[in-house]
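**Q** Just passing along the structure, written as structure tokens.
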Amino acid sequence: MEQSLNVPTMAECQASGKMPEVLFWVGCAGSFDDRAKKITKAFAKLLQSSGVSFAVLGAEEGCTGDPAKRSGNEFLFQMQAMMNIEVLNGYGVGQIVTTCPHCFNTLKNEYPGLGGNYQVMHHTQFLKQLLDSGRLKVSGGSFRGKKITYHDPCYLGRANGEYEAPRALLSALESELIEMKRCKSRGLCCGAGGAQMFKEPEKGHKDINIERSEEAIETGSSYVATGCPFCNTMMTDGVTAKGAESKVAVMDVAELIAKAADL
Amino acid sequence: MGAWPNLSNIIFALILTAGVGYFTYNMRRLIAAIKKGRPIAAVGDKKERWRNVLYIALGQSKLVKRPVSGLMHVLVYIGFIIINIEVLEIVIDGLLGTHRVFQSIGPLYGVLIGTFEVLAVLVFLAVVVFWLRRNVLLIKRFLSPEMKGWPKTDANLILYFEMVLMGLFLMMNATDLSFQQMNQGNWISGMIYPLVQNWSPEQLHMIERICWWAHIIGILGFLNYLYFSKHLHILLAFPNVYYGRVTPAGQFENLDSVTEQVKLMMDPTADPYAAPPEGSVPEKFGASDVTDLTQVQLLNAMTCTECGRCTSECPANQTGKLLSPRKIMMDTRDRLMALPEEGSDKQLLDDYITREELWACTTCNACVEACPVSSDPVSIIMSMRQYLVMEQSAAPSELNVTMNNIENNAAPWPFNQQDRANWINE
């Protein structure tokens, strides 16, 4: 057990009358998945070290409804959305940052039509902003000169046009960024989107995450950086299936920065 | 030249009327077919939409992302449009019995025709390369199962049409004795002329006439072929790009019909036993057939060029799954066109598009990004998933478990919502 991070909930903030500048939307994977929790903690530490006042919803947070919507269950999606919007609006939340591109996309694009209007950022965008304003210091540390390839999450890249913020952070690590052949707007999906994360894939000759992991391994990089907990799972599984886990580590951009700073 | 109008002017006018008339008739049928879809709300962002028409449709900005086929397509497109200025002259000549009526504009005429001739050769060559790509080089995206049969024939017919039309244009100029003797603008046909210059003037005139008639009849034929072909995209690409999405690709539409119901469910003052108003038909959620789709979705399907860039970028298709976004578009179009004959004996779901295809989509939007005419296969897949889940409760069983979890404990996995912040102290 590590030392407690001392992250307040919105309810606690409200009780003490000190509302934070930003709400950290943790998401289901970030809350419950053991691997994704490490991303959550890494990002929380970066926020703390940058002096950002933030809070989480804790038990008041619920699934954004993204997997339900992409499964075709619009009812369940809108139920989730309206419950979340009620909570968010209740606290008067203005700015949200999240480590999950699916939550990011849903909160940013699909909640406004249902009455939830917030300034929503993906954590790589938020970190980039902190870097630019000098609040976050990024140095290479153990990653200096290391080869890193970046896998674009579909819901950050193609879905919302953000390709540069994560790359800017990686270059701040003084690493050697090696692009895969299919990158940015032509990046190959990891196979988890559209609720595929929660079901077996359809019949085919290969799993999508294997195809993508092979491409990542071929770059000869020591690290595969991602910005999505689901991509992280898929790529980790893919790299392991190819027996390359001793040579290639799959890490979130936030984890790389936190590790470089020894947080 | 005889008195006007002579027999050939009258025949020309009749052919022109028939050609344009039948085309107009089919375009009206096409519009009626698209209007079978659900109407869409008025679209905003007019400025951005016109900008898209300028860049994506007219400028073919998405097409040239694959430079080889893209640039050749631009060449054929520009060439074909510019050369067709010549059609205007042909129509005036045909109706009035004049010969090369624009010649009176002076030396510029030679420059114009010369340019047309060069473009005709370039178009011809590009079309030959296109034919080779489809029939000899065996490029993967032209070999998918949905490209067997008519789609393959259709693609080749278009190429033959263009080869023949370009050939006729050059041959017509080469055998036009007065045009060759003027020696202005016969930049290419002047090279063909030596091959035929020993023929008698009568022979040359006859061949010139045959080429002239075949050329204009060919163009009218091609115009009327559009309705039956993927070549329809040369017209529909413009409205299709205009109506293409201008919001982020990840933003899926929220169904208003569902919003009403959810608000009612969450409203503590709502009467749970309230009967729906007399005569009201409950709205169908999602799409099982083309008439459940929106007019924009149907326009997307009718515009499909069958280029297969979507399918070649699709992660599901690349890993051997049944899903091919191009097939989704082609099936939607084919069902819409077959609607008058098939009626309700068939529907889009199951008879055309299988559930296996629908569930293989990761909604990654690679197909949407790749589409050179801004069509959106994902939106059709989503509409059909909505029907499967909300009307038929026919989601794959693992997804039912996921959705139950979300409903019961606000996460796709069976964890307690109270434990969401446990990571803080772990």
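By convention in this document, the chains of the structure tokens carry letters A, B, ... by their order, each chain's residues are numbered from 1, and ligands are numbered from 1 in the order they are shown.
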Run DSSP on the backbone and give me the residues of segment 7-207 of chain A it puts in strand (DSSP E), as number ranges by chain.

**A** A: 22-25, 54-55, 95-98, 119-122, 147-150, 176-177

**Q** Could you save those same residues with C-alpha atoms as an mmCIF file, in the first residue's frame?

**A**
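Listing of part-v5.cif after writing:
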```
data_model
loop_
_atom_site.group_PDB
_atom_site.id
_atom_site.type_symbol
_atom_site.label_atom_id
_atom_site.label_comp_id
_atom_site.auth_asym_id
_atom_site.auth_seq_id
_atom_site.Cartn_x
_atom_site.Cartn_y
_atom_site.Cartn_z
ATOM 1 C CA VAL A 22 -10.946 21.473 -12.243
ATOM 2 C CA LEU A 23 -12.844 18.219 -11.821
ATOM 3 C CA PHE A 24 -10.855 15.084 -12.539
ATOM 4 C CA TRP A 25 -13.277 12.649 -14.175
ATOM 5 C CA PHE A 54 -8.720 19.452 -8.312
ATOM 6 C CA ALA A 55 -11.256 17.000 -6.967
ATOM 7 C CA GLN A 95 -13.909 22.442 -16.219
ATOM 8 C CA ILE A 96 -13.408 18.691 -16.498
ATOM 9 C CA VAL A 97 -10.260 16.738 -17.251
ATOM 10 C CA THR A 98 -10.262 13.001 -17.857
ATOM 11 C CA GLN A 119 -15.053 22.766 -20.759
ATOM 12 C CA VAL A 120 -13.741 19.232 -21.200
ATOM 13 C CA MET A 121 -10.116 18.309 -21.759
ATOM 14 C CA HIS A 122 -8.241 15.106 -22.247
ATOM 15 C CA LYS A 147 12.591 5.127 -28.584
ATOM 16 C CA ILE A 148 8.904 5.660 -27.961
ATOM 17 C CA THR A 149 6.050 5.073 -30.349
ATOM 18 C CA TYR A 150 2.661 6.638 -29.780
ATOM 19 C CA GLU A 176 12.952 9.672 -29.851
ATOM 20 C CA LEU A 177 9.390 9.519 -31.120
#
```

**Q** Would you kindly return, as a list in words, each protein, DNA or RNA residue with an atom no farther than 7 Å from any atom of Gly97 of chain B, considering only C-alpha atoms and excluding same-chain residues fewer than 4 positions away?

**A**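 In the requested form, the answer reads Trp4, Asn9 and Asp93 of chain B.
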
**Q** Output N, CA and C atoms of each residue in that selection to a file, as a JSON list (two decimals), in the first residue's frame.

**A**
```
[["chain", "number", "residue", "atom", "x", "y", "z"],
["B", 4, "TRP", "N", -32.00, 25.48, -93.12],
["B", 4, "TRP", "CA", -32.17, 25.07, -91.72],
["B", 4, "TRP", "C", -33.65, 25.09, -91.39],
["B", 9, "ASN", "N", -30.62, 18.16, -88.27],
["B", 9, "ASN", "CA", -30.87, 19.05, -87.12],
["B", 9, "ASN", "C", -32.05, 18.54, -86.30],
["B", 93, "ASP", "N", -23.81, 23.40, -82.82],
["B", 93, "ASP", "CA", -23.62, 22.95, -84.20],
["B", 93, "ASP", "C", -24.75, 22.01, -84.62]]
```

**Q** Pick out the chain B residues within 7 Å of chain A. Count only C-alpha atoms. Give them as a ChimeraX atom specification.

**A** /B:248-252,258-259,262,315-316,319-321,356,360-366,382,385-386,389-390,398-399,402-403,406,410-411,417-421,423-426

**Q** If you keep C-alpha atoms, can you produce a file of those selected residues as a tab-separated table (two decimals), in the first residue's frame?

**A**
```
chain	number	residue	atom	x	y	z
B	248	PRO	CA	-16.47	16.09	-34.39
B	249	ALA	CA	-16.51	12.55	-35.78
B	250	GLY	CA	-16.90	11.16	-32.27
B	251	GLN	CA	-20.12	13.04	-31.64
B	252	PHE	CA	-22.96	10.62	-32.26
B	258	VAL	CA	-35.37	8.83	-26.41
B	259	THR	CA	-34.68	12.11	-24.62
B	262	VAL	CA	-35.92	9.48	-20.40
B	315	PRO	CA	-9.58	-2.45	-38.63
B	316	ALA	CA	-12.29	-5.11	-38.61
B	319	THR	CA	-8.27	-8.54	-39.65
B	320	GLY	CA	-10.63	-10.72	-41.62
B	321	LYS	CA	-13.99	-9.83	-40.13
B	356	GLU	CA	-22.27	-10.16	-37.60
B	360	ALA	CA	-17.80	-6.09	-35.75
B	361	CYS	CA	-17.54	-2.28	-35.90
B	362	THR	CA	-15.25	-0.54	-33.39
B	363	THR	CA	-16.71	2.90	-34.29
B	364	CYS	CA	-13.12	4.02	-34.85
B	365	ASN	CA	-14.19	6.34	-37.69
B	366	ALA	CA	-11.34	5.27	-39.98
B	382	MET	CA	-25.17	2.73	-35.27
B	385	ARG	CA	-27.46	-1.42	-33.70
B	386	GLN	CA	-30.01	0.86	-32.05
B	389	VAL	CA	-30.85	-3.33	-28.98
B	390	MET	CA	-33.84	-1.09	-28.35
B	398	GLU	CA	-21.64	-10.11	-23.24
B	399	LEU	CA	-22.94	-6.65	-24.06
B	402	THR	CA	-22.13	-4.94	-19.66
B	403	MET	CA	-25.31	-2.92	-19.98
B	406	ILE	CA	-23.97	-0.02	-16.12
B	410	ALA	CA	-22.90	2.60	-13.02
B	411	ALA	CA	-19.86	0.81	-14.44
B	417	GLN	CA	-20.21	2.44	-7.20
B	418	GLN	CA	-19.31	3.25	-3.57
B	419	ASP	CA	-15.80	1.93	-4.27
B	420	ARG	CA	-15.03	4.31	-7.12
B	421	ALA	CA	-12.63	6.41	-5.09
B	423	TRP	CA	-7.79	4.03	-5.66
B	424	ILE	CA	-6.98	7.16	-3.69
B	425	ASN	CA	-6.04	5.18	-0.62
B	426	GLU	CA	-4.75	1.99	-2.22
```

**Q** Enter the distance from atom CA of Ala249 of chain A to atom CA of Thr236 of chain A, in Å, rounded to one decimal.

**A**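 Calculated distance between atom CA of Ala249 of chain A and atom CA of Thr236 of chain A is 7.7 Å.
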
**Q** Record the distance separating atom CA of Ala155 of chain B and atom CA of Asn135 of chain B, expressed in Å with one decimal.

**A** 10.4 Å

**Q** Residues at most 10 Å from segment 129-142 of chain A, counting only C-alpha atoms, excluding those fewer than 4 positions away in the same chain, as a PyMOL selection string?

**A** chain A and resi 46-52+123-125+146+165+168-175+256-262

**Q** For the selection just defined, write its residues with N, CA and C atoms to a file, as a PDB file, in the first residue's frame.

**A**
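Written file, selection-v4.pdb:
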```pdb
ATOM      1  N   LEU A  46       0.749  14.163 -10.947  1.00  0.00           N
ATOM      2  CA  LEU A  46       1.203  15.271 -11.800  1.00  0.00           C
ATOM      3  C   LEU A  46       0.399  16.538 -11.505  1.00  0.00           C
ATOM      4  N   LEU A  47      -0.906  16.359 -11.280  1.00  0.00           N
ATOM      5  CA  LEU A  47      -1.733  17.525 -10.959  1.00  0.00           C
ATOM      6  C   LEU A  47      -1.266  18.143  -9.640  1.00  0.00           C
ATOM      7  N   GLN A  48      -1.011  17.277  -8.674  1.00  0.00           N
ATOM      8  CA  GLN A  48      -0.578  17.780  -7.361  1.00  0.00           C
ATOM      9  C   GLN A  48       0.771  18.476  -7.449  1.00  0.00           C
ATOM     10  N   SER A  49       1.691  17.867  -8.204  1.00  0.00           N
ATOM     11  CA  SER A  49       3.028  18.469  -8.285  1.00  0.00           C
ATOM     12  C   SER A  49       3.002  19.779  -9.071  1.00  0.00           C
ATOM     13  N   SER A  50       1.961  19.958  -9.899  1.00  0.00           N
ATOM     14  CA  SER A  50       1.841  21.214 -10.653  1.00  0.00           C
ATOM     15  C   SER A  50       1.030  22.248  -9.890  1.00  0.00           C
ATOM     16  N   GLY A  51       0.580  21.864  -8.711  1.00  0.00           N
ATOM     17  CA  GLY A  51      -0.184  22.800  -7.897  1.00  0.00           C
ATOM     18  C   GLY A  51      -1.574  23.093  -8.425  1.00  0.00           C
ATOM     19  N   VAL A  52      -2.166  22.116  -9.109  1.00  0.00           N
ATOM     20  CA  VAL A  52      -3.527  22.296  -9.618  1.00  0.00           C
ATOM     21  C   VAL A  52      -4.507  21.878  -8.524  1.00  0.00           C
ATOM     22  N   HIS A 123      -6.541  14.422 -20.632  1.00  0.00           N
ATOM     23  CA  HIS A 123      -5.422  14.723 -19.737  1.00  0.00           C
ATOM     24  C   HIS A 123      -4.158  15.146 -20.478  1.00  0.00           C
ATOM     25  N   THR A 124      -3.973  14.628 -21.716  1.00  0.00           N
ATOM     26  CA  THR A 124      -2.766  15.052 -22.445  1.00  0.00           C
ATOM     27  C   THR A 124      -2.870  16.525 -22.852  1.00  0.00           C
ATOM     28  N   GLN A 125      -4.070  16.964 -23.157  1.00  0.00           N
ATOM     29  CA  GLN A 125      -4.256  18.387 -23.489  1.00  0.00           C
ATOM     30  C   GLN A 125      -4.009  19.256 -22.262  1.00  0.00           C
ATOM     31  N   LYS A 146      15.378   7.465 -25.419  1.00  0.00           N
ATOM     32  CA  LYS A 146      14.722   6.164 -25.638  1.00  0.00           C
ATOM     33  C   LYS A 146      13.728   6.262 -26.794  1.00  0.00           C
ATOM     34  N   ALA A 165      -1.030  17.228 -28.839  1.00  0.00           N
ATOM     35  CA  ALA A 165      -0.719  17.385 -27.406  1.00  0.00           C
ATOM     36  C   ALA A 165       0.077  16.195 -26.859  1.00  0.00           C
ATOM     37  N   ALA A 168       3.597  16.323 -28.224  1.00  0.00           N
ATOM     38  CA  ALA A 168       4.401  17.412 -27.656  1.00  0.00           C
ATOM     39  C   ALA A 168       4.944  16.999 -26.293  1.00  0.00           C
ATOM     40  N   LEU A 169       4.127  16.296 -25.510  1.00  0.00           N
ATOM     41  CA  LEU A 169       4.579  15.839 -24.191  1.00  0.00           C
ATOM     42  C   LEU A 169       5.701  14.818 -24.331  1.00  0.00           C
ATOM     43  N   LEU A 170       5.551  13.926 -25.299  1.00  0.00           N
ATOM     44  CA  LEU A 170       6.583  12.904 -25.484  1.00  0.00           C
ATOM     45  C   LEU A 170       7.892  13.528 -25.940  1.00  0.00           C
ATOM     46  N   SER A 171       7.806  14.559 -26.780  1.00  0.00           N
ATOM     47  CA  SER A 171       9.075  15.163 -27.208  1.00  0.00           C
ATOM     48  C   SER A 171       9.696  15.967 -26.067  1.00  0.00           C
ATOM     49  N   ALA A 172       8.847  16.429 -25.126  1.00  0.00           N
ATOM     50  CA  ALA A 172       9.402  17.108 -23.946  1.00  0.00           C
ATOM     51  C   ALA A 172      10.181  16.125 -23.073  1.00  0.00           C
ATOM     52  N   LEU A 173       9.909  14.840 -23.253  1.00  0.00           N
ATOM     53  CA  LEU A 173      10.652  13.807 -22.510  1.00  0.00           C
ATOM     54  C   LEU A 173      12.023  13.561 -23.118  1.00  0.00           C
ATOM     55  N   GLU A 174      12.307  14.324 -24.174  1.00  0.00           N
ATOM     56  CA  GLU A 174      13.585  14.184 -24.890  1.00  0.00           C
ATOM     57  C   GLU A 174      13.770  12.771 -25.423  1.00  0.00           C
ATOM     58  N   SER A 175      12.659  12.130 -25.716  1.00  0.00           N
ATOM     59  CA  SER A 175      12.734  10.774 -26.251  1.00  0.00           C
ATOM     60  C   SER A 175      12.733  10.854 -27.771  1.00  0.00           C
ATOM     61  N   LEU A 256       4.488   8.044 -18.118  1.00  0.00           N
ATOM     62  CA  LEU A 256       5.860   8.304 -18.546  1.00  0.00           C
ATOM     63  C   LEU A 256       6.385   9.583 -17.910  1.00  0.00           C
ATOM     64  N   ILE A 257       5.536  10.626 -17.944  1.00  0.00           N
ATOM     65  CA  ILE A 257       5.986  11.912 -17.394  1.00  0.00           C
ATOM     66  C   ILE A 257       6.185  11.813 -15.882  1.00  0.00           C
ATOM     67  N   ALA A 258       5.253  11.133 -15.223  1.00  0.00           N
ATOM     68  CA  ALA A 258       5.355  10.998 -13.768  1.00  0.00           C
ATOM     69  C   ALA A 258       6.598  10.197 -13.396  1.00  0.00           C
ATOM     70  N   LYS A 259       6.855   9.134 -14.185  1.00  0.00           N
ATOM     71  CA  LYS A 259       8.011   8.301 -13.880  1.00  0.00           C
ATOM     72  C   LYS A 259       9.313   9.066 -14.115  1.00  0.00           C
ATOM     73  N   ALA A 260       9.346   9.847 -15.185  1.00  0.00           N
ATOM     74  CA  ALA A 260      10.545  10.641 -15.479  1.00  0.00           C
ATOM     75  C   ALA A 260      10.837  11.621 -14.345  1.00  0.00           C
ATOM     76  N   ALA A 261       9.748  12.083 -13.705  1.00  0.00           N
ATOM     77  CA  ALA A 261       9.916  13.047 -12.608  1.00  0.00           C
ATOM     78  C   ALA A 261      10.034  12.351 -11.252  1.00  0.00           C
ATOM     79  N   ASP A 262      10.127  11.009 -11.282  1.00  0.00           N
ATOM     80  CA  ASP A 262      10.238  10.228 -10.046  1.00  0.00           C
ATOM     81  C   ASP A 262       9.083  10.451  -9.089  1.00  0.00           C
TER      82      ASP A 262
END
```

**Q** Check the smallest atom-to-atom distance from each of B:Cys304, B:Leu71, B:Leu349, B:Met384 to Met329 of chain B using only C-alpha atoms, then report the winner.

**A**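 Looking only at the distances to Met329 of chain B, the closest residue turns out to be B:Cys304.
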
**Q** Excluding Pro377 of chain B and residues on its chain fewer than 2 positions from it, collect all residues at most 6 Å away from it, counting only C-alpha atoms, and give them as a short mmCIF file (atom, residue, chain, number, x, y, z; two decimals) with N, CA and C atoms, in the first residue's frame.

**A**
```
data_model
loop_
_atom_site.label_atom_id
_atom_site.label_comp_id
_atom_site.auth_asym_id
_atom_site.auth_seq_id
_atom_site.Cartn_x
_atom_site.Cartn_y
_atom_site.Cartn_z
N PRO B 325 -17.19 -1.53 -44.62
CA PRO B 325 -18.02 -0.31 -44.66
C PRO B 325 -18.58 -0.04 -46.06
N SER B 379 -22.58 5.81 -39.05
CA SER B 379 -23.90 6.25 -38.59
C SER B 379 -24.98 5.24 -38.98
N ILE B 380 -24.83 4.60 -40.13
CA ILE B 380 -25.80 3.58 -40.53
C ILE B 380 -25.67 2.35 -39.61
#
```

**Q** In segment 273-337 of chain B, what's helix (DSSP H, G or I) per DSSP? Answer as a PyMOL selection string?

**A** chain B and resi 290-292+295-303+309-313+315-318+325-337

**Q** My list of candidates is B:Met330, B:Ala214, B:Ile78, B:Leu132. Which is closest to Gln297 of chain B when distances are computed with only C-alpha atoms?

**A**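 Nearest to Gln297 of chain B: B:Met330.
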
**Q** Extract, using only C-alpha atoms, all DNA, RNA and protein residues at most 12 Å from Ser375 of chain B, discarding same-chain residues fewer than 5 positions from it, and format them as a ChimeraX atom specification.

**A** /B:56-57,62,233,236-246,249,296-306,309-310,325-326,328-330,365-370,380

**Q** Please provide the set of residues having any atom within 8 Å of Ile39 of chain A, restricted to only C-alpha atoms, with same-chain residues fewer than 5 positions apart removed, written as a PDB file with N, CA and C atoms, in the first residue's frame.

**A**
```
ATOM      1  N   GLY A  30     -10.454   3.793 -14.979  1.00  0.00           N
ATOM      2  CA  GLY A  30      -9.546   4.469 -14.060  1.00  0.00           C
ATOM      3  C   GLY A  30      -9.875   4.223 -12.604  1.00  0.00           C
ATOM      4  N   THR A  99      -8.784  11.104 -18.009  1.00  0.00           N
ATOM      5  CA  THR A  99      -7.723  10.290 -18.604  1.00  0.00           C
ATOM      6  C   THR A  99      -8.277   9.288 -19.618  1.00  0.00           C
ATOM      7  N   PRO A 229      -7.099   4.168 -21.336  1.00  0.00           N
ATOM      8  CA  PRO A 229      -6.958   2.940 -20.548  1.00  0.00           C
ATOM      9  C   PRO A 229      -7.337   1.682 -21.340  1.00  0.00           C
ATOM     10  N   ASP A 252       0.934   4.824 -20.288  1.00  0.00           N
ATOM     11  CA  ASP A 252       0.215   6.047 -20.608  1.00  0.00           C
ATOM     12  C   ASP A 252       1.190   7.228 -20.617  1.00  0.00           C
ATOM     13  N   ALA A 254       0.853  10.025 -19.285  1.00  0.00           N
ATOM     14  CA  ALA A 254       0.949  10.580 -17.926  1.00  0.00           C
ATOM     15  C   ALA A 254       1.904   9.759 -17.068  1.00  0.00           C
ATOM     16  N   GLU A 255       1.875   8.450 -17.239  1.00  0.00           N
ATOM     17  CA  GLU A 255       2.774   7.592 -16.458  1.00  0.00           C
ATOM     18  C   GLU A 255       4.227   7.859 -16.811  1.00  0.00           C
TER      19      GLU A 255
END
```

**Q** Kindly indicate which residue among B:Asn416, B:Ser383, B:Gln295, B:Gln197 lies nearest to Pro39 of chain B, using only C-alpha atoms for the distances.

**A**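 Among the listed residues, B:Gln295 lies closest to Pro39 of chain B.
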
**Q** Between atom CA of Asn6 of chain B and atom CA of Asn173 of chain B, measure the distance and give it in Å to one decimal.

**A**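 Distance between the two atoms: 23.4 Å.
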